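Undergrad: Here's a structure for you.
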Amino acid sequence: ETIGGLPLLSDTLTTLWAEMQAGDQGVLRWSDPPSQGVNVALKLAERAEAFVQAHPDQRNVIRKLFCVHLAHVPNQGDPTRKSIWLDDLSADERTLITELSGPDQRILTTGDRDGRAYAEVAHEALFDAWKELRKWISERRGFYAWATEVESDRADYEKEGRRRSALLTGRPLERAKAFMETDADDIPELDGHYIRTSIKRQKTFRILTSCGVGL
């Protein structure tokens, strides 16, 4: 019994119905032994893994999409889904989202909020059921948790009218600079711009301070 369990069950039954129609026995069948129970997120995870296998050249883009854009990764605890504005993504990422949210995949859902199109994972159970996604997040948990934090910091900066006091400073900025050197390709453009603006602010502050001028 989980929140959103009925939509997930509906998705699973849709998949089993399609599998039955493709066969010749006319019976809905579950692939795992009954003793293992029925994990209704399994079919969703199987489609996600099959999608990755069918797009080998875009594996890193898919990983970034799910681990950075579509996941809220805390320092401790389970990842949860989050929404992403489509106009914040690259053309390649938007193309993948169109496929992932299509009727044959149903891995993501899309919608409109305040006049902007967004996407999110169809069901949070995917974070537990999809082994490859769990592996991706586990291998770079520190980076993905930091990416979640810096996105929140950048959002606060935007909400506060881009006040200089909301830019990164001190240890958070030094950590961001380190990730910019090692993981720049996986940092979203908006967050990267926020970090670069913070670095510029730091340099300007140091120059003016050395000249005896305060900001």
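Letters A, B, ... go to the chains of the structure tokens in the order shown; residues in each chain start at 1; ligands are counted from 1 in the same order.
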Range 30-174 of chain A: which residues are alpha helix (DSSP H) by DSSP, as an MDAnalysis selection string?
TA: chainID A and resid 42:54 59:64 91:100 126:129 131:139 141:159 170:174
Undergrad: Please measure the separation of CA of Ile107 in chain A and CA of Arg47 in chain A, giving the value in Å to one decimal.
TA: 7.5 Å
Undergrad: Tell me which protein, DNA and RNA residues are within 10 Å of Ser101 in chain A, counting only C-alpha atoms, leaving out same-chain ones fewer than 6 positions away, and put them as a list of chain:residue names.
TA: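 The residues satisfying every condition are A:Ile107, A:Leu108, A:Thr109, A:Thr110, A:Ala119, A:Glu120, A:Val121, A:Ala122.
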Undergrad: If you keep N, CA, C and O atoms, can you produce a file of those selected residues as a CSV table (one decimal), in the first residue's frame?
TA:
```csv
chain,number,residue,atom,x,y,z
A,107,ILE,N,7.1,6.2,-18.6
A,107,ILE,CA,8.0,6.3,-17.5
A,107,ILE,C,8.0,7.6,-16.9
A,107,ILE,O,8.2,7.8,-15.7
A,108,LEU,N,7.7,8.6,-17.7
A,108,LEU,CA,7.6,10.0,-17.2
A,108,LEU,C,6.2,10.5,-17.5
A,108,LEU,O,5.5,10.0,-18.4
A,109,THR,N,5.8,11.5,-16.8
A,109,THR,CA,4.5,12.2,-17.1
A,109,THR,C,4.8,13.7,-17.3
A,109,THR,O,5.8,14.2,-16.8
A,110,THR,N,4.0,14.3,-18.1
A,110,THR,CA,4.2,15.7,-18.4
A,110,THR,C,2.9,16.5,-18.2
A,110,THR,O,1.8,15.9,-18.1
A,119,ALA,N,7.9,18.1,-16.5
A,119,ALA,CA,8.0,16.6,-16.6
A,119,ALA,C,8.4,16.1,-15.2
A,119,ALA,O,9.1,16.8,-14.4
A,120,GLU,N,8.0,14.9,-14.9
A,120,GLU,CA,8.4,14.2,-13.6
A,120,GLU,C,8.3,12.7,-13.8
A,120,GLU,O,7.6,12.2,-14.7
A,121,VAL,N,9.0,12.0,-13.0
A,121,VAL,CA,8.9,10.5,-13.0
A,121,VAL,C,7.5,10.1,-12.7
A,121,VAL,O,6.8,10.7,-11.8
A,122,ALA,N,7.0,9.1,-13.5
A,122,ALA,CA,5.6,8.7,-13.4
A,122,ALA,C,5.2,8.2,-12.0
A,122,ALA,O,4.1,8.4,-11.5
```
Undergrad: Identify, on the basis of only C-alpha atoms, every residue whose closest approach to range 78-81 of chain A does not exceed 12 Å; exclude the query and any residue fewer than 6 positions from it along the same chain; express the result as a ChimeraX atom specification.
TA: /A:65-72,108-109,119-128,133-134,136-138,141,144-145,148
Undergrad: Between CA of Ile199 in chain A and CA of Val61 in chain A, measure the distance and give it in Å to one decimal.
TA: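 So the answer is 26.6 Å.
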Undergrad: Counting only C-alpha atoms, which of A:Ile195, A:Leu44, A:Ala178, A:Val52 gets nearest to Val150 in chain A?
TA: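 Nearest to Val150 in chain A: A:Ile195.
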Undergrad: Check the smallest atom-to-atom distance from each of A:Glu93, A:Glu181, A:Asp112, A:Asp104 to Phe51 in chain A using only C-alpha atoms, then report the winner.
TA: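 Closest residue, counting only C-alpha atoms: A:Asp104.
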Undergrad: Using only C-alpha atoms, find the one residue out of A:Ala166, A:Arg154, A:Glu189, A:Ile62 that sits nearest to Leu89 in chain A.
TA: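 Result for the nearest residue to Leu89 in chain A: A:Glu189.
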Undergrad: Rank nothing, just name the residue among A:Ala155, A:Ala41, A:Ala147, A:Leu167 nearest to Phe179 in chain A, using only C-alpha atoms.
TA: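 The shortest atom-to-atom distance to Phe179 in chain A comes from A:Ala147.
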Undergrad: Can you measure CA of Thr182 in chain A to CA of Gln202 in chain A for me? One decimal in Å is fine.
TA: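 These atoms are spaced 20.3 Å apart.
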Undergrad: Among range 2-206 of chain A, which residues carry a DSSP assignment of strand (DSSP E), reported as a list in words?
TA: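 Here is the list: Ala71, His72, Thr80, Arg81, Ile84, Trp85, Leu108, Thr109, Thr110, Gly111, Asp112, Arg113, Arg116, Ala117, Tyr118, Ala119, Glu120 and Val121 of chain A.
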Undergrad: Using only C-alpha atoms, which protein or nucleic acid residues come within 9 Å of Asp88 in chain A? Drop anything in the same chain fewer than 2 positions from it, and give the result as an NGL selection string.
TA: :A and (84-86 or 90 or 188-190)
Undergrad: Out of A:Arg63, A:Arg94, A:Arg106, A:His55, which residue has the shortest atom-to-atom distance to Glu139 in chain A when counting only C-alpha atoms?
TA: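 Checking each candidate against Glu139 in chain A, we get A:Arg63 as the closest.
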